[in-house]
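Asker: Handing you this structure, nothing more for now.
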Amino acid sequence: MAQFFRASKKAATQKVMTLTVTGCDHQGRGVARQDGKVWFIDGALKSETVKAEAYQNKSKFVEAKTVKVLEASQQRVQPFCADFERCGGCQLQHQHIDGQVADKQEAVAALFSKFCRLTELPWQTPILSDAQHYRRSARLACFHDKDSDTLQVGFREKGSKRIVPIHYCHVLTEPFADLASKIRDALNKHAQLKSVSHVQLSDADNGRFVLLRHLKTISVELKAQFEQQMGNDSWHFIWQGPKDELSELTYPLPEYRLEKLGLAFQYKLDNFVQVNAKVNEAMIEQALSWLNLSSNDLVLDLFSGIGNFSLAAAKCANEVFGVEGVQSSVAMATQNAHTNSVANAEFHCADLTQNLANAPWFKSNANVLILDPSRVGAEEILKQLPLKQFDRVLYVSCDPVTLARDSAVILAAKFELTRVGLMNMFPHTGHIESMALFQRR
């Protein structure tokens with residue numbers, strides 16, 4: 001078997017430095033400079049003076065954590081979650097929500113300056129939501145501690161695989177906020193139930209869904225006892241066994257609705273859906289407003305998922321072609337088009353990182369391009385597409401680095417960036433979601 005060399009990480013010197021933070025990066029870390037190196041400091045805010053301890057020392061930068069705040073920013077607030085210091089779910093509860101949004105916008109601007117040489121951006125009003133209880137889906141991690149013979153249930157600890165036993169989560173929707181504690185108590189009442197490896201939650205518009213993945217067989221009787229103990233007859237509990245089979249489908253598929261557009265999207269629990277319902281709805285409305293589609297437009301929607309943008313665009317455009325790499329999502333998008341009586345949208349499955357020279361789904365008369373890629377971005381497909389045929393390109397991004405990098409490709413094809421806006425999909429985290437509109441010059 002071939003062996004590959006992997007360079008070992010350079011050990012940190014564990015030194016503590018007093019530093020003045022001059023900015024923040026796109027991950028929400030404070031940025032300082034000392035002795036020719038850039039320091040990225042977890043838990044530090046712009047304008048603060050902190051004592052920072054290095055945990056990763058590279059040739060050009062240092063990664064560190066705040067051990068003491070000497071001069072606090074006016075943006076610093078008391079975290080509202082008792083588990084904030086340990087849980088890896090949130091990174092920015094120590095900063096006022098307005099400061100979070102402002103710093104995220106500043107981070108996006110810095111990346112556009114770096115990749116695109118743009119120093120002035122056409123910023124639009126950011127899309128916001130409630131700062132707490134906004135997350136309608138999540139995965140709880142489970143681990144059986146053999147020493148104590150207990151099943152731990154919660155979220156991963158910061159920078160570790162260890163599990164923080166969450167009692168109340170302030171970012172999950174209220175029905176799920178204290179569920180980790182209840183599930184932990186119920187699963188620890190029987191040895192068979194301790195084989196659950198993770199729990200997936202989805203707070204849909206037509207019910208609450210809880211999927212339990214288990215590594216060993218659990219009897220029907222024991223499953224029923226667990227569900228009875230949870231005490232919520234209106235909830236749907238789905239059991240996924242050791243061979244990936246799902247319990248008999250005796251429940252409706254979860255769905256979310258876009259009331260203003262009269263659309264309902266069904267999905268399976270392994271399909272991707274946006275976790276923040278309010279931001280998702282506002283995001284789609286903004287996309288339609290910016291694109292200003294008409295019956296003359298033919299839209300190509302790449303990375304189309306279960307049809308989130310495609311079906312909305314089909315309400316205004318002549319025709320929409322959605323392309324997605326995951327077959328199960330393509331199937332759900334096709335089903336959603338049918339159940340919503342949308343006849344002018346069709347969906348295709350294709351790996352958008354591969355050569356697409358002879359792709360049967362490509363339409364040379366499409367004049368509007370929508371991109372909603374994963375964190376890796378859309379560079380591969382952008383390099384292949386004849387961008388000159390489009391008069392508008394809408395890019396929906398979940399990673400500001402790949403957005404800025406890919407924007408350089410679009411701008412080089414003689415487009416102009418006419419609008420850009422932040423969408424705070426994940427308050428209190430370093431995640432940055434944004435939308436950019438490009439129009440042909």
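Each chain in the structure tokens gets a letter, A, B, ..., in the order shown, and its residues are numbered from 1; ligands are numbered from 1 in order too.
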Which residues are close to A:Ser328, i.e. within 9 Å by only C-alpha atoms, leaving aside same-chain residues fewer than 5 positions away? Reply as a list in words.
Answerer: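 Once the nearby chain positions are removed, what remains is Lys268, Asp270, Asn271, Ile306 and Ala333 of chain A.
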Asker: Let's have the selection written as a short mmCIF file (atom, residue, chain, number, x, y, z; two decimals), in the first residue's frame, with all heavy atoms.
Answerer:
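File produced: part-v3.cif:
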data_model
loop_
_atom_site.label_atom_id
_atom_site.label_comp_id
_atom_site.auth_asym_id
_atom_site.auth_seq_id
_atom_site.Cartn_x
_atom_site.Cartn_y
_atom_site.Cartn_z
N LYS A 268 -36.35 15.28 2.47
CA LYS A 268 -35.99 14.17 3.33
C LYS A 268 -34.93 14.66 4.30
O LYS A 268 -34.27 15.68 4.07
CB LYS A 268 -35.46 13.00 2.50
CG LYS A 268 -36.53 12.39 1.59
CD LYS A 268 -35.99 11.22 0.79
CE LYS A 268 -37.09 10.63 -0.09
NZ LYS A 268 -36.59 9.49 -0.91
N ASP A 270 -32.07 13.76 4.93
CA ASP A 270 -30.69 13.83 4.46
C ASP A 270 -30.52 14.85 3.34
O ASP A 270 -29.44 15.00 2.78
CB ASP A 270 -30.18 12.46 4.01
CG ASP A 270 -31.03 11.85 2.90
OD1 ASP A 270 -32.09 12.44 2.55
OD2 ASP A 270 -30.65 10.79 2.37
N ASN A 271 -31.59 15.59 2.99
CA ASN A 271 -31.47 16.68 2.02
C ASN A 271 -31.01 17.96 2.71
O ASN A 271 -31.33 18.19 3.89
CB ASN A 271 -32.81 16.97 1.35
CG ASN A 271 -33.29 15.84 0.45
OD1 ASN A 271 -34.46 15.49 0.44
ND2 ASN A 271 -32.39 15.25 -0.33
N ILE A 306 -33.07 21.19 -3.61
CA ILE A 306 -34.44 20.69 -3.76
C ILE A 306 -35.36 21.70 -4.44
O ILE A 306 -36.57 21.56 -4.42
CB ILE A 306 -35.02 20.27 -2.40
CG1 ILE A 306 -35.17 21.48 -1.46
CG2 ILE A 306 -34.18 19.18 -1.75
CD1 ILE A 306 -35.99 21.19 -0.20
N ALA A 333 -36.57 17.94 -5.86
CA ALA A 333 -36.88 19.16 -6.62
C ALA A 333 -37.93 18.88 -7.67
O ALA A 333 -38.88 19.66 -7.86
CB ALA A 333 -35.60 19.70 -7.26
#
Asker: Mind checking DSSP for stretch 14-138 of chain A and telling me the strand (DSSP E) residues as a PDB file with C-alpha atoms, in the first residue's frame?
Answerer:
ATOM      1  CA  VAL A  16       1.411  34.476  26.161  1.00  0.00           C
ATOM      2  CA  MET A  17       1.602  37.894  24.533  1.00  0.00           C
ATOM      3  CA  THR A  18      -0.120  41.204  25.236  1.00  0.00           C
ATOM      4  CA  LEU A  19      -1.574  42.361  21.924  1.00  0.00           C
ATOM      5  CA  THR A  20      -3.742  45.152  20.528  1.00  0.00           C
ATOM      6  CA  GLY A  23      -9.389  43.995  13.107  1.00  0.00           C
ATOM      7  CA  CYS A  24     -11.191  40.710  12.614  1.00  0.00           C
ATOM      8  CA  GLY A  30      -9.422  39.042  16.308  1.00  0.00           C
ATOM      9  CA  VAL A  31      -6.390  40.050  14.238  1.00  0.00           C
ATOM     10  CA  ALA A  32      -3.193  41.547  15.654  1.00  0.00           C
ATOM     11  CA  ARG A  33       0.409  41.900  14.458  1.00  0.00           C
ATOM     12  CA  GLN A  34       3.552  41.264  16.441  1.00  0.00           C
ATOM     13  CA  LYS A  37       3.603  37.851  12.250  1.00  0.00           C
ATOM     14  CA  VAL A  38      -0.174  38.010  12.053  1.00  0.00           C
ATOM     15  CA  TRP A  39      -1.982  36.703  15.128  1.00  0.00           C
ATOM     16  CA  PHE A  40      -5.484  35.251  14.776  1.00  0.00           C
ATOM     17  CA  ILE A  41      -7.025  35.295  18.249  1.00  0.00           C
ATOM     18  CA  ASP A  42     -10.139  33.371  19.265  1.00  0.00           C
ATOM     19  CA  THR A  49      -6.041  44.780  24.281  1.00  0.00           C
ATOM     20  CA  VAL A  50      -5.760  41.160  25.323  1.00  0.00           C
ATOM     21  CA  LYS A  51      -3.401  38.578  26.658  1.00  0.00           C
ATOM     22  CA  ALA A  52      -3.317  35.834  24.027  1.00  0.00           C
ATOM     23  CA  GLU A  53      -1.846  32.356  24.271  1.00  0.00           C
ATOM     24  CA  ALA A  54      -0.521  30.741  21.083  1.00  0.00           C
ATOM     25  CA  TYR A  55      -1.640  27.215  20.285  1.00  0.00           C
ATOM     26  CA  GLN A  56      -0.368  27.052  16.676  1.00  0.00           C
ATOM     27  CA  ASN A  57       2.813  28.838  15.584  1.00  0.00           C
ATOM     28  CA  PHE A  61       1.025  33.578  11.435  1.00  0.00           C
ATOM     29  CA  VAL A  62       0.048  32.461  14.894  1.00  0.00           C
ATOM     30  CA  GLU A  63      -3.258  31.023  16.027  1.00  0.00           C
ATOM     31  CA  ALA A  64      -4.079  31.881  19.608  1.00  0.00           C
ATOM     32  CA  LYS A  65      -6.829  32.144  22.200  1.00  0.00           C
ATOM     33  CA  THR A  66      -7.724  34.984  24.522  1.00  0.00           C
ATOM     34  CA  VAL A  67      -6.758  34.256  28.113  1.00  0.00           C
ATOM     35  CA  LYS A  68      -7.507  37.718  29.530  1.00  0.00           C
ATOM     36  CA  VAL A  69      -9.132  40.906  28.251  1.00  0.00           C
ATOM     37  CA  LEU A  70      -7.173  43.944  29.461  1.00  0.00           C
ATOM     38  CA  GLU A  71      -9.126  46.645  27.609  1.00  0.00           C
ATOM     39  CA  SER A 137     -32.385  21.927  12.148  1.00  0.00           C
ATOM     40  CA  ALA A 138     -29.273  20.514  13.783  1.00  0.00           C
TER      41      ALA A 138
END
Asker: Measuring between only C-alpha atoms, which one of A:Asn188, A:Ser329, A:Gln100, A:Thr334 shows the shortest distance to A:Asn424?
Answerer: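 Of A:Asn188, A:Ser329, A:Gln100, A:Thr334, the one nearest A:Asn424 is A:Gln100, counting only C-alpha atoms.
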Asker: Do a neighbour search on A:Gln266 at 9 Å with only C-alpha atoms, toss out local chain neighbours closer than 3 positions, and write the hits as a ChimeraX atom specification.
Answerer: /A:253-257,306,332-333,335-336
Asker: Which residue, A:Phe155, A:Phe226, A:Phe426, A:Phe209, has the smallest gap to A:Ala186 when you use only C-alpha atoms?
Answerer: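 So, comparing all the options, the nearest one is A:Phe226.
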Asker: I'd like to know which residues of stretch 10-190 of chain A are helix (DSSP H, G or I) (by DSSP, run on the backbone); could you write them as a PyMOL selection string?
Answerer: chain A and resi 97-116+174-176+179-187
Asker: Write the residues you've just listed into a file as a tab-separated table (two decimals), in the first residue's frame, and include C-alpha atoms for each of them.
Answerer:
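Full text of again.tsv as output:
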chain	number	residue	atom	x	y	z
A	97	ILE	CA	-25.16	41.21	17.39
A	98	ASP	CA	-24.83	44.58	15.59
A	99	GLY	CA	-21.06	44.35	15.89
A	100	GLN	CA	-21.11	40.80	14.52
A	101	VAL	CA	-22.93	41.93	11.39
A	102	ALA	CA	-20.68	44.96	10.89
A	103	ASP	CA	-17.50	42.89	11.28
A	104	LYS	CA	-18.77	40.23	8.88
A	105	GLN	CA	-19.47	42.90	6.27
A	106	GLU	CA	-16.00	44.35	6.83
A	107	ALA	CA	-14.46	40.89	6.37
A	108	VAL	CA	-16.28	40.41	3.05
A	109	ALA	CA	-15.11	43.85	1.89
A	110	ALA	CA	-11.49	42.98	2.75
A	111	LEU	CA	-11.68	39.79	0.68
A	112	PHE	CA	-13.15	41.62	-2.33
A	113	SER	CA	-10.31	44.11	-2.05
A	114	LYS	CA	-7.78	41.27	-2.00
A	115	PHE	CA	-9.18	39.12	-4.83
A	116	CYS	CA	-10.98	41.66	-7.03
A	174	GLU	CA	-37.83	26.78	21.12
A	175	PRO	CA	-39.41	23.31	20.76
A	176	PHE	CA	-35.88	21.86	20.46
A	179	LEU	CA	-34.40	18.46	23.82
A	180	ALA	CA	-30.77	17.34	24.20
A	181	SER	CA	-31.23	16.97	27.94
A	182	LYS	CA	-34.52	15.07	27.59
A	183	ILE	CA	-33.10	12.74	24.94
A	184	ARG	CA	-30.00	12.09	27.01
A	185	ASP	CA	-32.08	11.08	30.03
A	186	ALA	CA	-34.34	8.82	27.96
A	187	LEU	CA	-31.55	7.08	26.03
Asker: In Å, with one decimal, what is the gap from atom CA of A:Asn340 to atom CA of A:Glu259?
Answerer: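 Straight-line distance from atom CA of A:Asn340 to atom CA of A:Glu259 works out to 12.3 Å.
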Asker: Choose the residue, out of A:Ala345, A:Met425, A:Leu118, A:Ala287, that has the smallest atom-to-atom separation from A:Leu411; count only C-alpha atoms.
Answerer: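 Closest residue, counting only C-alpha atoms: A:Leu118.
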Asker: Pick out the closest residue to A:Ala282 from this set: A:Leu422, A:Ile163, A:Leu92, A:Val196. Count only C-alpha atoms.
Answerer: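 The answer is A:Leu422, which sits nearest to A:Ala282.
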